[in-house]
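What follows is a set of notes on a single structure, which appears directly below.
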Amino acid sequence: MPSSKIKNIILDLGNTLVYFDYCYFYDGVAKLEKKVNAGKLKKYFVDNKFDIKIGSGKLNIKQAFKILKKKFNLRIGYSDFYYLYCDIFWKIPQ
């Protein structure tokens with residue numbers, strides 16, 4: 001069987017195949033962590049390009065959690081953090 005010449009398939013997942021909004025993550029963390037301001041969390045996240053680093057595989061969720069936990073003195077555990085981060089996506093109605 002001849003090998004395929006297709007080496008990569010690129011998809012634009014965000015807001016094309018599924019909707020996503022990081023604000024659900026920032027707000028969710030701020031609700032669980034009364035001392036954390038959602039706007040400051042967003043600014044730090046964006047200024048340090050966490051979205052790009054996570055999306056490109058240069059930073060994983062566990063590494064992001066450790067950095068943000070230290071920076072913002074988070075008390076939530078990794079499972080809550082992970083749930084909130086993954087909860088930014090929802091299905092596009094057809």
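Just so we're on the same page: first chain in the structure tokens is A, next is B, and so on; residues restart at 1 for each chain, and ligands are numbered from 1 in the order they show up.
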I want to know what sits within 10 Å of A:Tyr82, based on only C-alpha atoms, with residues of the same chain fewer than 3 positions away left out; could you give that as an mmCIF file with N, CA and C atoms, in the first residue's frame?
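File written: selection.cif
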data_model
loop_
_atom_site.group_PDB
_atom_site.id
_atom_site.type_symbol
_atom_site.label_atom_id
_atom_site.label_comp_id
_atom_site.auth_asym_id
_atom_site.auth_seq_id
_atom_site.Cartn_x
_atom_site.Cartn_y
_atom_site.Cartn_z
ATOM 1 N N PHE A 25 -13.548 30.860 32.226
ATOM 2 C CA PHE A 25 -12.452 30.396 33.075
ATOM 3 C C PHE A 25 -12.082 31.467 34.106
ATOM 4 N N ILE A 61 -1.642 22.331 30.777
ATOM 5 C CA ILE A 61 -2.569 22.864 31.776
ATOM 6 C C ILE A 61 -1.981 22.750 33.184
ATOM 7 N N LYS A 62 -1.318 21.647 33.466
ATOM 8 C CA LYS A 62 -0.737 21.450 34.797
ATOM 9 C C LYS A 62 0.358 22.493 35.069
ATOM 10 N N ALA A 64 0.521 25.483 33.664
ATOM 11 C CA ALA A 64 -0.185 26.764 33.814
ATOM 12 C C ALA A 64 -0.770 26.873 35.213
ATOM 13 N N PHE A 65 -1.352 25.782 35.705
ATOM 14 C CA PHE A 65 -1.912 25.765 37.047
ATOM 15 C C PHE A 65 -0.847 26.099 38.091
ATOM 16 N N GLY A 77 -7.816 23.387 43.922
ATOM 17 C CA GLY A 77 -6.971 22.293 43.472
ATOM 18 C C GLY A 77 -6.917 22.210 41.962
ATOM 19 N N TYR A 78 -6.052 21.333 41.508
ATOM 20 C CA TYR A 78 -5.869 21.160 40.069
ATOM 21 C C TYR A 78 -7.151 20.698 39.384
ATOM 22 N N SER A 79 -7.918 19.813 40.009
ATOM 23 C CA SER A 79 -9.129 19.294 39.355
ATOM 24 C C SER A 79 -10.151 20.401 39.101
ATOM 25 N N TYR A 85 -11.017 25.396 33.232
ATOM 26 C CA TYR A 85 -10.339 25.673 31.969
ATOM 27 C C TYR A 85 -11.023 24.943 30.813
ATOM 28 N N CYS A 86 -11.405 23.702 31.026
ATOM 29 C CA CYS A 86 -12.041 22.916 29.966
ATOM 30 C C CYS A 86 -13.492 23.330 29.717
ATOM 31 N N ASP A 87 -14.079 24.064 30.644
ATOM 32 C CA ASP A 87 -15.477 24.477 30.527
ATOM 33 C C ASP A 87 -15.659 25.715 29.652
#
Worksheet item: Skipping near chain neighbours, those fewer than 5 positions away, what residues fall within 12 Å of A:Asn37 using only C-alpha atoms, listed as a list in words?
Response: Cys23, Phe25, Tyr26, Asp27, Gly28, Val29, Ala30, Lys31, Leu32, Lys42, Lys43, Tyr44, Phe72 and Leu74 of chain A
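Shortest atom-to-atom contact with A:Lys91 among A:Leu11, A:Gly39, A:Thr16, A:Ile6: A:Thr16, counting only C-alpha atoms.
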Worksheet item: Can you list, as a PyMOL selection string, every residue of stretch 41-89 of chain A that DSSP puts in alpha helix (DSSP H)?
Response: chain A and resi 41-47+50-55+61-72+78-86
Selection file, N, CA and C atoms, as a CSV table (one decimal), in the first residue's frame:
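What landed in out.csv:
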chain,number,residue,atom,x,y,z
A,41,LEU,N,-6.6,38.4,36.5
A,41,LEU,CA,-6.2,37.1,36.0
A,41,LEU,C,-6.1,37.0,34.5
A,42,LYS,N,-7.1,37.6,33.9
A,42,LYS,CA,-7.1,37.7,32.4
A,42,LYS,C,-5.9,38.5,31.9
A,43,LYS,N,-5.6,39.6,32.5
A,43,LYS,CA,-4.5,40.4,32.0
A,43,LYS,C,-3.2,39.6,32.1
A,44,TYR,N,-3.0,38.9,33.2
A,44,TYR,CA,-1.8,38.1,33.4
A,44,TYR,C,-1.7,37.0,32.4
A,45,PHE,N,-2.9,36.3,32.2
A,45,PHE,CA,-3.0,35.2,31.2
A,45,PHE,C,-2.7,35.7,29.8
A,46,VAL,N,-3.2,36.8,29.4
A,46,VAL,CA,-3.0,37.3,28.1
A,46,VAL,C,-1.6,37.9,27.9
A,47,ASP,N,-1.1,38.7,28.9
A,47,ASP,CA,0.2,39.3,28.8
A,47,ASP,C,1.3,38.3,28.7
A,50,PHE,N,-0.5,32.8,27.7
A,50,PHE,CA,-0.8,31.4,28.2
A,50,PHE,C,-1.7,30.8,27.1
A,51,ASP,N,-2.6,31.5,26.5
A,51,ASP,CA,-3.5,30.9,25.5
A,51,ASP,C,-2.8,30.4,24.4
A,52,ILE,N,-1.8,31.1,23.9
A,52,ILE,CA,-1.0,30.7,22.7
A,52,ILE,C,0.0,29.6,23.1
A,53,LYS,N,0.6,29.7,24.3
A,53,LYS,CA,1.5,28.6,24.7
A,53,LYS,C,0.8,27.3,25.0
A,54,ILE,N,-0.4,27.4,25.6
A,54,ILE,CA,-1.2,26.1,25.8
A,54,ILE,C,-1.7,25.6,24.4
A,55,GLY,N,-2.2,26.5,23.6
A,55,GLY,CA,-2.7,26.0,22.3
A,55,GLY,C,-1.6,25.4,21.4
A,61,ILE,N,-1.6,22.3,30.8
A,61,ILE,CA,-2.6,22.9,31.8
A,61,ILE,C,-2.0,22.7,33.2
A,62,LYS,N,-1.3,21.6,33.5
A,62,LYS,CA,-0.7,21.5,34.8
A,62,LYS,C,0.4,22.5,35.1
A,63,GLN,N,1.2,22.8,34.1
A,63,GLN,CA,2.2,23.8,34.2
A,63,GLN,C,1.6,25.2,34.4
A,64,ALA,N,0.5,25.5,33.7
A,64,ALA,CA,-0.2,26.8,33.8
A,64,ALA,C,-0.8,26.9,35.2
A,65,PHE,N,-1.4,25.8,35.7
A,65,PHE,CA,-1.9,25.8,37.0
A,65,PHE,C,-0.8,26.1,38.1
A,66,LYS,N,0.3,25.5,38.0
A,66,LYS,CA,1.4,25.7,39.0
A,66,LYS,C,1.8,27.2,39.0
A,67,ILE,N,2.0,27.7,37.8
A,67,ILE,CA,2.4,29.1,37.7
A,67,ILE,C,1.3,30.1,38.2
A,68,LEU,N,0.1,29.9,37.8
A,68,LEU,CA,-1.0,30.7,38.3
A,68,LEU,C,-1.3,30.5,39.8
A,69,LYS,N,-1.2,29.3,40.3
A,69,LYS,CA,-1.3,29.0,41.7
A,69,LYS,C,-0.4,29.8,42.5
A,70,LYS,N,0.9,29.9,42.1
A,70,LYS,CA,1.9,30.6,42.8
A,70,LYS,C,1.7,32.1,42.7
A,71,LYS,N,1.5,32.6,41.5
A,71,LYS,CA,1.3,34.0,41.2
A,71,LYS,C,0.1,34.6,42.0
A,72,PHE,N,-1.0,33.9,42.0
A,72,PHE,CA,-2.3,34.4,42.6
A,72,PHE,C,-2.6,33.8,43.9
A,78,TYR,N,-6.1,21.3,41.5
A,78,TYR,CA,-5.9,21.2,40.1
A,78,TYR,C,-7.2,20.7,39.4
A,79,SER,N,-7.9,19.8,40.0
A,79,SER,CA,-9.1,19.3,39.4
A,79,SER,C,-10.2,20.4,39.1
A,80,ASP,N,-10.3,21.3,40.1
A,80,ASP,CA,-11.2,22.5,39.8
A,80,ASP,C,-10.7,23.4,38.7
A,81,PHE,N,-9.4,23.6,38.8
A,81,PHE,CA,-8.8,24.5,37.8
A,81,PHE,C,-8.9,23.9,36.4
A,82,TYR,N,-8.7,22.6,36.3
A,82,TYR,CA,-8.8,21.9,35.0
A,82,TYR,C,-10.2,21.9,34.5
A,83,TYR,N,-11.2,21.7,35.4
A,83,TYR,CA,-12.6,21.7,35.0
A,83,TYR,C,-13.0,23.1,34.5
A,84,LEU,N,-12.6,24.1,35.2
A,84,LEU,CA,-12.9,25.5,34.8
A,84,LEU,C,-12.3,25.8,33.4
A,85,TYR,N,-11.0,25.4,33.2
A,85,TYR,CA,-10.3,25.7,32.0
A,85,TYR,C,-11.0,24.9,30.8
A,86,CYS,N,-11.4,23.7,31.0
A,86,CYS,CA,-12.0,22.9,30.0
A,86,CYS,C,-13.5,23.3,29.7
Item to complete: Measure the distance from atom CA of A:Gly57 to atom CA of A:Ile10 in Å and round it to one decimal.
Response: 14.7 Å
Could you find all residues in chain A that DSSP calls strand (DSSP E or B) from the backbone, and write them as a PDB file with C-alpha atoms, in the first residue's frame?
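The resulting file, selection_3.pdb, is reproduced below:
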ATOM      1  CA  GLY A  14     -12.093  27.891  18.098  1.00  0.00           C
ATOM      2  CA  VAL A  18     -17.011  24.909  18.747  1.00  0.00           C
ATOM      3  CA  TYR A  19     -17.489  28.193  20.578  1.00  0.00           C
ATOM      4  CA  PHE A  20     -15.099  29.138  23.335  1.00  0.00           C
ATOM      5  CA  PHE A  89     -15.972  25.301  25.132  1.00  0.00           C
ATOM      6  CA  TRP A  90     -19.525  24.611  24.037  1.00  0.00           C
ATOM      7  CA  LYS A  91     -21.218  23.169  20.977  1.00  0.00           C
TER       8      LYS A  91
END
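Between atom CA of A:Lys35 and atom CA of A:Ile76 the separation is 11.9 Å.
Our summary of the geometry notes that atom CA of A:Ile88 is positioned 26.1 Å from atom CA of A:Asn8.
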